[in-house]
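Enquirer: This is the content of work.txt (compact mmCIF, C-alpha atoms):
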```txt
# COMPACT_ATOMS: atom_id res chain seq x y z
CA MET A 423 -54.59 40.38 -4.15
CA PRO A 424 -55.33 37.38 -1.90
CA ARG A 425 -56.34 34.12 -3.60
CA SER A 426 -60.08 33.84 -3.98
CA ARG A 427 -61.83 30.65 -2.73
CA GLN A 428 -62.91 30.26 -6.33
CA ASP A 429 -59.32 30.21 -7.59
CA PRO A 430 -59.49 27.24 -10.00
CA SER A 431 -55.88 26.16 -9.53
CA ARG A 432 -56.39 26.07 -5.78
CA GLN A 433 -59.61 24.09 -6.18
CA GLU A 434 -57.85 21.72 -8.52
CA ARG A 435 -55.00 21.20 -6.04
CA ALA A 436 -57.51 20.47 -3.26
CA ARG A 437 -59.27 17.97 -5.52
CA LEU A 438 -55.99 16.21 -6.35
CA ARG A 439 -55.00 16.14 -2.67
CA ARG A 440 -58.38 14.61 -1.85
CA GLU A 441 -57.90 11.94 -4.55
CA GLU A 442 -54.41 11.14 -3.18
CA ILE A 443 -55.77 10.69 0.33
CA ILE A 444 -58.61 8.50 -0.95
CA ALA A 445 -56.08 6.30 -2.78
CA VAL A 446 -53.94 5.94 0.37
CA ALA A 447 -56.99 5.15 2.53
CA ALA A 448 -58.30 2.61 -0.03
CA GLU A 449 -54.99 0.76 0.04
CA MET A 450 -54.82 0.78 3.83
CA PHE A 451 -58.47 -0.31 4.27
CA ALA A 452 -57.91 -3.14 1.76
CA ARG A 453 -54.97 -4.47 3.80
CA GLY A 454 -55.98 -3.70 7.37
CA GLY A 455 -59.74 -3.23 7.11
CA TYR A 456 -61.69 -0.11 8.02
CA ARG A 457 -61.76 -1.10 11.66
CA GLY A 458 -58.08 -1.99 11.77
CA THR A 459 -56.86 1.29 10.26
CA SER A 460 -56.75 4.50 12.31
CA LEU A 461 -57.19 8.02 10.98
CA ALA A 462 -53.75 8.79 12.47
CA ASP A 463 -52.16 5.99 10.35
CA ILE A 464 -53.83 7.28 7.19
CA ALA A 465 -52.86 10.88 7.92
CA ALA A 466 -49.22 9.86 8.53
CA ARG A 467 -49.04 7.82 5.32
CA ALA A 468 -50.72 10.57 3.27
CA GLY A 469 -48.42 13.22 4.74
CA ILE A 470 -51.25 15.32 6.18
CA SER A 471 -52.24 16.23 9.73
CA GLU A 472 -55.24 14.52 11.32
CA PRO A 473 -57.17 17.83 11.49
CA GLY A 474 -56.29 18.35 7.81
CA LEU A 475 -57.75 14.93 7.02
CA LEU A 476 -60.91 15.72 8.96
CA HIS A 477 -61.16 19.05 7.09
CA HIS A 478 -61.41 17.10 3.81
CA PHE A 479 -63.72 14.27 4.91
CA GLY A 480 -65.43 15.28 8.15
CA SER A 481 -64.91 11.93 9.89
CA LYS A 482 -63.43 8.47 9.43
CA ALA A 483 -66.85 7.32 8.18
CA GLY A 484 -66.85 10.22 5.69
CA LEU A 485 -63.49 9.06 4.36
CA LEU A 486 -64.84 5.50 4.09
CA LEU A 487 -67.80 6.69 2.02
CA ALA A 488 -65.45 8.65 -0.28
CA VAL A 489 -63.38 5.48 -0.79
CA ILE A 490 -66.48 3.41 -1.52
CA GLU A 491 -67.80 6.03 -3.97
CA ARG A 492 -64.49 6.05 -5.82
CA ARG A 493 -64.50 2.26 -6.05
CA ASP A 494 -68.10 2.14 -7.24
CA LEU A 495 -67.47 4.48 -10.16
CA ASP A 496 -65.59 1.66 -11.89
CA SER A 497 -68.17 -1.06 -11.35
CA GLU A 498 -71.06 1.25 -12.28
CA MET A 499 -69.40 2.06 -15.58
CA PHE A 500 -69.11 -1.67 -16.19
CA ALA A 501 -72.77 -2.23 -15.26
CA MET A 502 -73.82 0.43 -17.77
CA GLU A 503 -71.73 -1.25 -20.47
CA LEU A 504 -73.41 -4.57 -19.64
CA LEU A 505 -76.86 -3.03 -19.95
CA GLY A 506 -76.07 -1.88 -23.47
CA MET A 507 -75.35 -5.45 -24.59
CA GLU A 508 -77.48 -8.32 -25.85
CA PRO A 509 -78.16 -11.01 -23.19
CA THR A 510 -75.68 -13.48 -24.70
CA GLY A 511 -73.06 -10.72 -24.95
CA ARG A 512 -73.54 -10.06 -21.24
CA LEU A 513 -72.63 -13.63 -20.37
CA ARG A 514 -69.51 -13.37 -22.49
CA ALA A 515 -68.59 -10.12 -20.75
CA LEU A 516 -68.35 -11.79 -17.30
CA PRO A 517 -64.80 -13.11 -17.76
CA GLU A 518 -63.80 -9.65 -19.01
CA PHE A 519 -65.05 -8.28 -15.67
CA ALA A 520 -62.92 -10.87 -13.85
CA ARG A 521 -59.91 -9.93 -15.98
CA ARG A 522 -60.30 -6.29 -14.95
CA ASN A 523 -60.62 -7.22 -11.27
CA LYS A 524 -57.55 -9.44 -11.50
CA ASP A 525 -55.51 -6.40 -12.50
CA ARG A 526 -56.90 -4.53 -9.53
CA VAL A 527 -56.53 -6.99 -6.70
CA GLY A 528 -56.39 -4.15 -4.16
CA LEU A 529 -59.84 -2.90 -5.18
CA ALA A 530 -61.27 -6.42 -5.09
CA LYS A 531 -59.83 -6.97 -1.62
CA LEU A 532 -61.14 -3.60 -0.47
CA PHE A 533 -64.66 -4.51 -1.57
CA THR A 534 -64.61 -7.94 0.12
CA VAL A 535 -63.28 -6.51 3.39
CA LEU A 536 -65.65 -3.53 3.48
CA VAL A 537 -68.77 -5.62 2.80
CA ALA A 538 -67.85 -7.98 5.66
CA GLU A 539 -67.27 -4.98 7.95
CA SER A 540 -70.65 -3.54 6.94
CA LEU A 541 -72.94 -6.44 7.86
CA GLU A 542 -74.12 -4.81 11.09
CA PRO A 543 -76.94 -2.24 10.61
CA GLY A 544 -74.95 0.33 12.61
CA ALA A 545 -71.78 0.09 10.46
CA PRO A 546 -70.93 3.23 8.46
CA GLY A 547 -71.01 1.48 5.07
CA HIS A 548 -74.07 -0.66 5.84
CA GLN A 549 -76.81 1.26 4.01
CA HIS A 550 -74.55 1.86 1.03
CA PHE A 551 -73.91 -1.86 0.52
CA VAL A 552 -77.55 -2.80 1.17
CA ASP A 553 -78.62 -0.33 -1.55
CA ARG A 554 -75.83 -1.39 -3.89
CA TYR A 555 -76.74 -5.09 -3.71
CA ARG A 556 -80.44 -4.30 -4.17
CA ALA A 557 -79.61 -2.22 -7.27
CA MET A 558 -77.28 -4.90 -8.69
CA ARG A 559 -79.88 -7.64 -8.16
CA ALA A 560 -82.54 -5.49 -9.84
CA ILE A 561 -80.30 -4.88 -12.88
CA VAL A 562 -79.46 -8.58 -13.27
CA ALA A 563 -83.09 -9.65 -12.70
CA ASP A 564 -84.28 -7.22 -15.42
CA SER A 565 -81.72 -8.63 -17.78
CA ILE A 566 -83.01 -12.16 -17.10
CA ARG A 567 -86.62 -11.01 -17.63
CA SER A 568 -85.71 -9.53 -21.03
CA ALA A 569 -83.96 -12.74 -22.04
CA GLN A 570 -87.02 -14.75 -20.96
CA ALA A 571 -89.34 -12.46 -22.95
CA ALA A 572 -87.12 -13.00 -26.00
CA GLY A 573 -87.31 -16.78 -25.49
CA LEU A 574 -83.54 -16.98 -24.87
CA THR A 575 -83.82 -18.13 -21.26
CA ARG A 576 -85.92 -20.79 -19.52
CA ALA A 577 -89.25 -19.36 -18.40
CA ASP A 578 -89.29 -21.40 -15.17
CA ILE A 579 -86.37 -19.44 -13.70
CA ASP A 580 -87.23 -16.90 -10.99
CA PRO A 581 -85.37 -13.74 -12.09
CA ALA A 582 -84.91 -12.32 -8.56
CA ALA A 583 -83.57 -15.58 -7.10
CA LYS A 584 -81.30 -16.14 -10.10
CA ALA A 585 -79.95 -12.59 -9.83
CA ALA A 586 -78.99 -13.10 -6.17
CA GLU A 587 -77.40 -16.42 -7.10
CA ILE A 588 -75.30 -15.02 -9.97
CA ILE A 589 -73.97 -12.14 -7.86
CA ALA A 590 -73.31 -14.56 -4.98
CA THR A 591 -71.26 -16.89 -7.18
CA LEU A 592 -69.13 -14.07 -8.58
CA ASP A 593 -68.53 -12.64 -5.08
CA GLY A 594 -67.71 -16.04 -3.63
CA LEU A 595 -65.26 -16.92 -6.41
CA GLN A 596 -63.56 -13.59 -5.84
CA THR A 597 -63.14 -14.35 -2.13
CA GLN A 598 -61.61 -17.77 -2.83
CA TRP A 599 -59.22 -16.20 -5.35
CA LEU A 600 -58.19 -13.40 -2.96
CA LEU A 601 -57.57 -15.93 -0.19
CA ASP A 602 -55.66 -18.45 -2.30
CA PRO A 603 -54.52 -17.03 -5.67
CA ASP A 604 -52.12 -19.98 -6.16
CA MET A 605 -55.06 -22.40 -6.30
CA ILE A 606 -57.88 -20.28 -7.72
CA ASP A 607 -57.55 -18.49 -11.05
CA ILE A 608 -60.35 -15.94 -11.03
CA VAL A 609 -60.49 -15.58 -14.82
CA ALA A 610 -60.68 -19.35 -15.43
CA GLY A 611 -63.23 -19.64 -12.59
CA VAL A 612 -65.51 -16.98 -14.03
CA GLU A 613 -65.13 -18.37 -17.58
CA SER A 614 -66.22 -21.73 -16.24
CA TYR A 615 -69.14 -20.10 -14.42
CA ALA A 616 -70.20 -18.25 -17.59
CA ARG A 617 -70.50 -21.68 -19.27
CA THR A 618 -72.46 -23.02 -16.27
CA LEU A 619 -74.79 -20.06 -16.52
CA GLU A 620 -75.36 -20.44 -20.24
CA HIS A 621 -76.24 -24.12 -19.72
CA ASP A 622 -78.41 -23.22 -16.71
CA LEU A 623 -80.37 -20.55 -18.57
CA THR A 624 -80.86 -22.47 -21.81
CA CYS A 625 -80.71 -26.27 -21.28
CA GLY A 626 -84.21 -27.66 -21.72
CA LEU A 627 -85.50 -24.69 -23.73
CA PRO A 628 -88.10 -25.87 -26.22
CA MET B 357 -53.78 -31.57 51.15
CA PRO B 358 -53.37 -28.98 48.39
CA ARG B 359 -55.38 -29.46 45.20
CA SER B 360 -53.46 -31.46 42.63
CA ARG B 361 -53.05 -30.05 39.08
CA GLN B 362 -54.79 -33.23 38.01
CA ASP B 363 -57.86 -32.43 40.13
CA PRO B 364 -60.63 -33.25 37.64
CA SER B 365 -63.11 -30.73 39.01
CA ARG B 366 -60.49 -28.00 38.69
CA GLN B 367 -59.65 -29.10 35.14
CA GLU B 368 -63.34 -29.16 34.31
CA ARG B 369 -63.82 -25.65 35.69
CA ALA B 370 -60.87 -24.40 33.61
CA ARG B 371 -62.36 -26.03 30.49
CA LEU B 372 -65.75 -24.44 31.11
CA ARG B 373 -64.13 -21.05 31.73
CA ARG B 374 -62.24 -21.42 28.44
CA GLU B 375 -65.47 -22.27 26.60
CA GLU B 376 -67.19 -19.22 28.12
CA ILE B 377 -64.39 -16.93 26.98
CA ILE B 378 -64.45 -18.45 23.48
CA ALA B 379 -68.21 -17.81 23.28
CA VAL B 380 -67.77 -14.17 24.37
CA ALA B 381 -64.90 -13.64 21.90
CA ALA B 382 -66.87 -15.27 19.06
CA GLU B 383 -69.78 -12.91 19.64
CA MET B 384 -67.54 -9.86 19.80
CA PHE B 385 -65.50 -10.85 16.71
CA ALA B 386 -68.75 -11.44 14.78
CA ARG B 387 -69.96 -7.91 15.58
CA GLY B 388 -66.75 -5.89 15.63
CA GLY B 389 -64.34 -8.09 13.68
CA TYR B 390 -61.08 -9.53 14.94
CA ARG B 391 -59.26 -6.30 14.18
CA GLY B 392 -61.92 -4.11 15.74
CA THR B 393 -62.05 -5.98 19.05
CA SER B 394 -59.32 -5.58 21.67
CA LEU B 395 -58.21 -8.21 24.17
CA ALA B 396 -59.06 -5.68 26.90
CA ASP B 397 -62.70 -5.49 25.65
CA ILE B 398 -63.00 -9.28 25.60
CA ALA B 399 -61.44 -9.64 29.04
CA ALA B 400 -63.83 -7.03 30.49
CA ARG B 401 -66.90 -8.67 28.96
CA ALA B 402 -65.79 -12.14 30.04
CA GLY B 403 -65.06 -10.93 33.57
CA ILE B 404 -61.41 -11.95 33.51
CA SER B 405 -58.15 -9.99 33.66
CA GLU B 406 -56.12 -9.53 30.49
CA PRO B 407 -53.21 -11.62 31.93
CA GLY B 408 -55.79 -14.28 32.83
CA LEU B 409 -57.02 -14.26 29.22
CA LEU B 410 -53.44 -14.57 27.92
CA HIS B 411 -52.85 -17.46 30.36
CA HIS B 412 -55.66 -19.39 28.64
CA PHE B 413 -54.88 -18.53 24.98
CA GLY B 414 -51.31 -17.20 24.79
CA SER B 415 -52.17 -14.29 22.48
CA LYS B 416 -55.03 -12.58 20.65
CA ALA B 417 -54.20 -14.76 17.61
CA GLY B 418 -54.38 -17.85 19.87
CA LEU B 419 -57.84 -16.83 20.99
CA LEU B 420 -58.87 -16.31 17.36
CA LEU B 421 -57.74 -19.81 16.43
CA ALA B 422 -59.67 -21.26 19.40
CA VAL B 423 -62.80 -19.41 18.18
CA ILE B 424 -62.30 -20.69 14.62
CA GLU B 425 -61.73 -24.25 15.84
CA ARG B 426 -64.93 -24.14 17.88
CA ARG B 427 -66.89 -22.84 14.87
CA ASP B 428 -65.42 -25.44 12.54
CA LEU B 429 -66.49 -28.36 14.73
CA ASP B 430 -70.07 -27.71 13.63
CA SER B 431 -69.41 -27.46 9.91
CA GLU B 432 -67.08 -30.47 9.93
CA MET B 433 -69.77 -32.59 11.55
CA PHE B 434 -72.11 -31.48 8.78
CA ALA B 435 -69.51 -32.28 6.09
CA MET B 436 -69.11 -35.79 7.50
CA GLU B 437 -72.87 -36.25 7.41
CA LEU B 438 -72.93 -35.11 3.78
CA LEU B 439 -70.21 -37.59 2.85
CA GLY B 440 -72.32 -40.44 4.20
CA MET B 441 -75.18 -39.57 1.82
CA GLU B 442 -76.00 -40.49 -1.76
CA PRO B 443 -75.23 -37.67 -4.27
CA THR B 444 -78.90 -36.73 -4.69
CA GLY B 445 -79.35 -36.74 -0.91
CA ARG B 446 -76.46 -34.30 -0.64
CA LEU B 447 -78.23 -31.81 -2.87
CA ARG B 448 -81.34 -32.09 -0.77
CA ALA B 449 -79.30 -31.53 2.39
CA LEU B 450 -78.13 -28.06 1.29
CA PRO B 451 -81.27 -26.21 2.41
CA GLU B 452 -81.00 -28.06 5.73
CA PHE B 453 -77.51 -26.57 6.08
CA ALA B 454 -78.95 -23.12 5.39
CA ARG B 455 -81.69 -23.71 7.97
CA ARG B 456 -79.07 -24.51 10.61
CA ASN B 457 -77.05 -21.41 9.72
CA LYS B 458 -80.17 -19.26 9.87
CA ASP B 459 -80.58 -20.24 13.51
CA ARG B 460 -76.98 -19.31 14.17
CA VAL B 461 -76.68 -15.93 12.50
CA GLY B 462 -73.84 -14.98 14.85
CA LEU B 463 -71.70 -17.91 13.68
CA ALA B 464 -72.45 -17.17 10.04
CA LYS B 465 -71.47 -13.52 10.53
CA LEU B 466 -68.33 -14.55 12.39
CA PHE B 467 -67.25 -16.75 9.50
CA THR B 468 -67.87 -14.05 6.85
CA VAL B 469 -66.00 -11.41 8.84
CA LEU B 470 -63.03 -13.63 9.73
CA VAL B 471 -62.51 -14.85 6.16
CA ALA B 472 -62.44 -11.24 4.90
CA GLU B 473 -59.97 -10.33 7.65
CA SER B 474 -57.77 -13.31 6.70
CA LEU B 475 -57.17 -12.54 3.01
CA GLU B 476 -53.65 -11.20 3.61
CA PRO B 477 -50.98 -13.92 3.90
CA GLY B 478 -49.76 -12.40 7.19
CA ALA B 479 -53.16 -12.49 8.92
CA PRO B 480 -53.42 -14.87 11.89
CA GLY B 481 -56.30 -16.89 10.41
CA HIS B 482 -54.94 -16.93 6.83
CA GLN B 483 -53.44 -20.42 6.63
CA HIS B 484 -56.39 -21.91 8.47
CA PHE B 485 -58.89 -20.57 5.93
CA VAL B 486 -56.67 -21.42 2.95
CA ASP B 487 -56.48 -25.04 4.19
CA ARG B 488 -60.16 -25.12 5.04
CA TYR B 489 -61.27 -23.98 1.57
CA ARG B 490 -58.88 -26.43 -0.11
CA ALA B 491 -60.31 -29.26 2.00
CA MET B 492 -63.92 -28.24 1.30
CA ARG B 493 -63.28 -27.99 -2.44
CA ALA B 494 -61.63 -31.43 -2.40
CA ILE B 495 -64.61 -32.98 -0.58
CA VAL B 496 -67.15 -31.46 -2.98
CA ALA B 497 -65.05 -32.32 -6.05
CA ASP B 498 -64.81 -35.97 -4.90
CA SER B 499 -68.54 -36.05 -4.47
CA ILE B 500 -69.00 -34.77 -8.05
CA ARG B 501 -66.54 -37.36 -9.38
CA SER B 502 -68.49 -40.17 -7.68
CA ALA B 503 -71.73 -38.88 -9.16
CA GLN B 504 -70.12 -38.72 -12.61
CA ALA B 505 -68.79 -42.28 -12.25
CA ALA B 506 -72.32 -43.40 -11.35
CA GLY B 507 -73.72 -41.63 -14.44
CA LEU B 508 -75.77 -39.27 -12.27
CA THR B 509 -73.92 -36.10 -13.30
CA ARG B 510 -72.81 -34.70 -16.67
CA ALA B 511 -69.35 -35.99 -17.57
CA ASP B 512 -68.31 -32.67 -19.16
CA ILE B 513 -68.31 -30.87 -15.79
CA ASP B 514 -64.87 -30.15 -14.30
CA PRO B 515 -65.20 -31.35 -10.67
CA ALA B 516 -62.64 -28.91 -9.24
CA ALA B 517 -64.12 -25.85 -10.95
CA LYS B 518 -67.67 -26.89 -10.03
CA ALA B 519 -66.66 -27.42 -6.40
CA ALA B 520 -65.23 -23.89 -6.16
CA GLU B 521 -68.39 -22.56 -7.81
CA ILE B 522 -70.79 -24.36 -5.45
CA ILE B 523 -68.96 -23.18 -2.33
CA ALA B 524 -68.75 -19.67 -3.79
CA THR B 525 -72.50 -19.51 -4.39
CA LEU B 526 -73.35 -20.68 -0.88
CA ASP B 527 -70.88 -18.20 0.67
CA GLY B 528 -72.13 -15.34 -1.48
CA LEU B 529 -75.80 -16.02 -0.72
CA GLN B 530 -74.91 -16.05 2.96
CA THR B 531 -73.25 -12.64 2.69
CA GLN B 532 -76.29 -11.12 0.92
CA TRP B 533 -78.56 -12.57 3.59
CA LEU B 534 -76.40 -11.29 6.48
CA LEU B 535 -76.29 -7.83 4.91
CA ASP B 536 -79.99 -7.60 4.06
CA PRO B 537 -82.10 -10.24 5.83
CA ASP B 538 -85.32 -8.34 4.98
CA MET B 539 -84.72 -8.91 1.27
CA ILE B 540 -82.82 -12.21 1.17
CA ASP B 541 -84.23 -15.37 2.75
CA ILE B 542 -81.23 -17.67 3.02
CA VAL B 543 -83.32 -20.86 3.17
CA ALA B 544 -85.37 -19.98 0.06
CA GLY B 545 -82.17 -18.84 -1.69
CA VAL B 546 -80.37 -22.11 -1.02
CA GLU B 547 -83.45 -24.16 -1.92
CA SER B 548 -83.56 -22.33 -5.23
CA TYR B 549 -79.82 -22.93 -5.72
CA ALA B 550 -80.22 -26.65 -4.96
CA ARG B 551 -82.71 -26.77 -7.87
CA THR B 552 -80.28 -24.85 -10.08
CA LEU B 553 -77.56 -27.31 -9.20
CA GLU B 554 -79.69 -30.36 -9.89
CA HIS B 555 -80.58 -28.94 -13.32
CA ASP B 556 -76.94 -27.97 -13.91
CA LEU B 557 -75.59 -31.41 -13.05
CA THR B 558 -78.19 -33.44 -14.91
CA CYS B 559 -79.80 -31.50 -17.79
CA GLY B 560 -78.53 -32.98 -21.06
CA LEU B 561 -77.56 -36.32 -19.52
CA PRO B 562 -78.03 -39.10 -22.08
```
Translate the structure of the given file into structure tokens.
Expert:
Amino acid sequence: MPRSRQDPSRQERARLRREEIIAVAAEMFARGGYRGTSLADIAARAGISEPGLLHHFGSKAGLLLAVIERRDLDSEMFAMELLGMEPTGRLRALPEFARRNKDRVGLAKLFTVLVAESLEPGAPGHQHFVDRYRAMRAIVADSIRSAQAAGLTRADIDPAAKAAEIIATLDGLQTQWLLDPDMIDIVAGVESYARTLEHDLTCGLP
Amino acid sequence: MPRSRQDPSRQERARLRREEIIAVAAEMFARGGYRGTSLADIAARAGISEPGLLHHFGSKAGLLLAVIERRDLDSEMFAMELLGMEPTGRLRALPEFARRNKDRVGLAKLFTVLVAESLEPGAPGHQHFVDRYRAMRAIVADSIRSAQAAGLTRADIDPAAKAAEIIATLDGLQTQWLLDPDMIDIVAGVESYARTLEHDLTCGLP
């Protein structure tokens, strides 16, 4: 009897193969950028033909979106954890986030490179990153609003502006660390910023 | 008599031609990245042969460094202006910096893209950006130290950590603005951050 398309072991093998290719592409995009890495290079490194690669992902842009999706799973899980915490717990969780990223320098690099390659409206990852930043700012702004309502944060802070600022600082520290890890310790930098933020949000509270 | 190599009008024409090519390359790197732009594309757009381009810049990396140098002239002039100001004046000058960058979105994009493409130690712009960030952090840290010595800034702030944080926030806000200019107004964002910073540096001063 020929294998059915529903054969679970075959499906599972295809899924694993897909995950392998995504991991190879993520590593190559992190080092050489999306633009600087060809489908042929990825296919060769993953030990698959270029048509085989296109069969799995449709196009180079399709592969990029699969890589981004994979990477986002991690940070979304962290965002959900954050949302379950008290506001002060959230501040304390920031260095933990940095600690996780430090262990995954490739993923951090991938994110920094892909955002920069997605600034132009026509870039394949553009809408994804626009949406992602809007969602992240909304989550952080809501968190600030709750803390203000509970009297834990200064009322004269604009939640939307502060949310953009917090995300900006964490992104920017990450870039300096990736560029110059001998000079910038990302965990110490984020710990220091968590103290800044606590002072910022509370100093002058009645 | 044949033209001498010292002929000033010929030298001037070569200089202008060089500047034109740098401007074309800067625009193309900002849109397509260094990695995503070929020397052949730049030569075609600049109306010069590829050997002619190499005659001026030696290599693609040489052209990149010329583009970076050109871009840095602007920000160095601004840094020197900042250094001439009183600490409180420096804070107030930040939104002015954002206003200038807003008018030069191409340059801002170029910087964001090139830094991300220079994270790897082997990248042609790597050492330049490592040195540049170290120099910027040193300038900002010195400025914080002076303000602390004058009693204008909290003494319990670590100047080096705060310098990295300030530069990180400005870089990160710029990235969010470049990605999503409909949602993020860079001038309002930096104005808001200048207020954050003033509160951060002074709230709790005796």
Enquirer: Please tabulate, as JSON lines, the residues of stretch 534-608 of chain A that come within 8 Å of stretch 453-476 of chain B, each with its closest pair of atoms and the distance in Å to one decimal, counting all atoms listed in the file and ordering rows by chain, then residue number upward.
Expert:
```
{"residue": "A:Thr534", "atom": "CA", "partner": "B:Ala472", "partner_atom": "CA", "distance": 6.2}
{"residue": "A:Val535", "atom": "CA", "partner": "B:Ala472", "partner_atom": "CA", "distance": 5.0}
{"residue": "A:Ala538", "atom": "CA", "partner": "B:Val469", "partner_atom": "CA", "distance": 5.0}
{"residue": "A:Glu539", "atom": "CA", "partner": "B:Val469", "partner_atom": "CA", "distance": 6.6}
{"residue": "A:Leu541", "atom": "CA", "partner": "B:Lys465", "partner_atom": "CA", "distance": 7.7}
{"residue": "A:Thr597", "atom": "CA", "partner": "B:Ala472", "partner_atom": "CA", "distance": 7.7}
{"residue": "A:Leu600", "atom": "CA", "partner": "B:Leu475", "partner_atom": "CA", "distance": 6.1}
{"residue": "A:Leu601", "atom": "CA", "partner": "B:Leu475", "partner_atom": "CA", "distance": 4.7}
```
Enquirer: With C-alpha atoms kept, could you save the residues just selected as a PDB file, in the frame of the given file?
Expert:
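Printed below is result-v4.pdb as written:
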```
ATOM      1  CA  THR A 534     -64.610  -7.940   0.120  1.00  0.00           C
ATOM      2  CA  VAL A 535     -63.280  -6.510   3.390  1.00  0.00           C
ATOM      3  CA  ALA A 538     -67.850  -7.980   5.660  1.00  0.00           C
ATOM      4  CA  GLU A 539     -67.270  -4.980   7.950  1.00  0.00           C
ATOM      5  CA  LEU A 541     -72.940  -6.440   7.860  1.00  0.00           C
ATOM      6  CA  THR A 597     -63.140 -14.350  -2.130  1.00  0.00           C
ATOM      7  CA  LEU A 600     -58.190 -13.400  -2.960  1.00  0.00           C
ATOM      8  CA  LEU A 601     -57.570 -15.930  -0.190  1.00  0.00           C
TER       9      LEU A 601
END
```
Enquirer: Select, from B:Leu395, B:Ala517, B:Leu557, B:Ile542, the residue with the minimum atom-to-atom distance to B:Phe413, counting all atoms listed in the file.
Expert: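 Selected residue with least distance to B:Phe413: B:Leu395.
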Enquirer: Please identify all residues of chain B having at least one atom at most 9 Å from any atom of chain A, considering only C-alpha atoms, and return them as JSON, numbers by chain.
Expert: {"B": [387, 388, 389, 390, 391, 392, 393, 465, 468, 469, 470, 471, 472, 473, 474, 475, 476, 477, 482, 485, 486, 489, 490, 513, 514, 517, 518, 520, 521, 522, 523, 524, 525, 526, 527, 528, 529, 530, 531, 532, 534, 535, 536, 539, 540, 544, 545, 546, 548, 549, 552, 553, 555, 556, 559, 560]}
Enquirer: Around stretch 381-387 of chain B, fit a box with edges along x, y and z, padding it by 4 Å on each side, then list its centre and edge lengths in Å to one decimal as JSON.
Expert:
```
{"center_x": -67.4, "center_y": -11.6, "center_z": 18.3, "size_x": 13.1, "size_y": 15.4, "size_z": 15.1}
```
Enquirer: Which residues are close to B:Asp397, i.e. within 10 Å by all atoms listed in the file, leaving aside same-chain residues fewer than 5 positions away? Reply as number ranges by chain.
Expert: B: 381, 384, 402-403, 406
Enquirer: Could you save those same residues with C-alpha atoms as a PDB file, keeping the file's coordinate frame?
Expert:
```pdb
ATOM      1  CA  ALA B 381     -64.900 -13.640  21.900  1.00  0.00           C
ATOM      2  CA  MET B 384     -67.540  -9.860  19.800  1.00  0.00           C
ATOM      3  CA  ALA B 402     -65.790 -12.140  30.040  1.00  0.00           C
ATOM      4  CA  GLY B 403     -65.060 -10.930  33.570  1.00  0.00           C
ATOM      5  CA  GLU B 406     -56.120  -9.530  30.490  1.00  0.00           C
TER       6      GLU B 406
END
```
Enquirer: So the first atom is atom CA of A:Ala585 and the second is atom CA of A:Ala563; what is the distance between them in Å, to one decimal place?
Expert: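 Separation between atom CA of A:Ala585 and atom CA of A:Ala563: 5.2 Å.
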Enquirer: Taking 3 positions as the minimum chain separation for residues in the same chain, which residues sit within 8 Å of B:Val496 when counting all atoms listed in the file? Answer as a VMD selection string.
Expert: chain B and resid 492 to 493 499 to 500 515 519
Enquirer: Just checking: using all atoms listed in the file, which residue out of B:Leu410, B:Ala491, B:Ala422, B:Ala399 ends up closest to B:Glu375?
Expert: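 Distance minimum relative to B:Glu375 lands on B:Ala422.
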Enquirer: Calculate how many Å separate atom CA of A:Ile490 from atom CA of A:Gly547, rounding to one decimal.
Expert: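 Separating atom CA of A:Ile490 from atom CA of A:Gly547 is a distance of 8.2 Å.
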Enquirer: To one decimal place in Å, what is the distance between atom CA of B:Ile404 and atom CA of B:Arg373?
Expert: 9.7 Å
Enquirer: For A:Arg512, which of A:Ser431, A:Asp494, A:Ile561, A:Pro546 is the closest residue, counting all atoms listed in the file?
Expert: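 Nearest candidate to A:Arg512 out of A:Ser431, A:Asp494, A:Ile561, A:Pro546: A:Ile561.
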Enquirer: Given the choices B:Asp363, B:Arg401, B:Glu442, B:Arg551, which gets closest to A:Asp578 if the distance is worked out from all atoms listed in the file?
Expert: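 Using all atoms listed in the file, A:Asp578 sits closest to B:Arg551.
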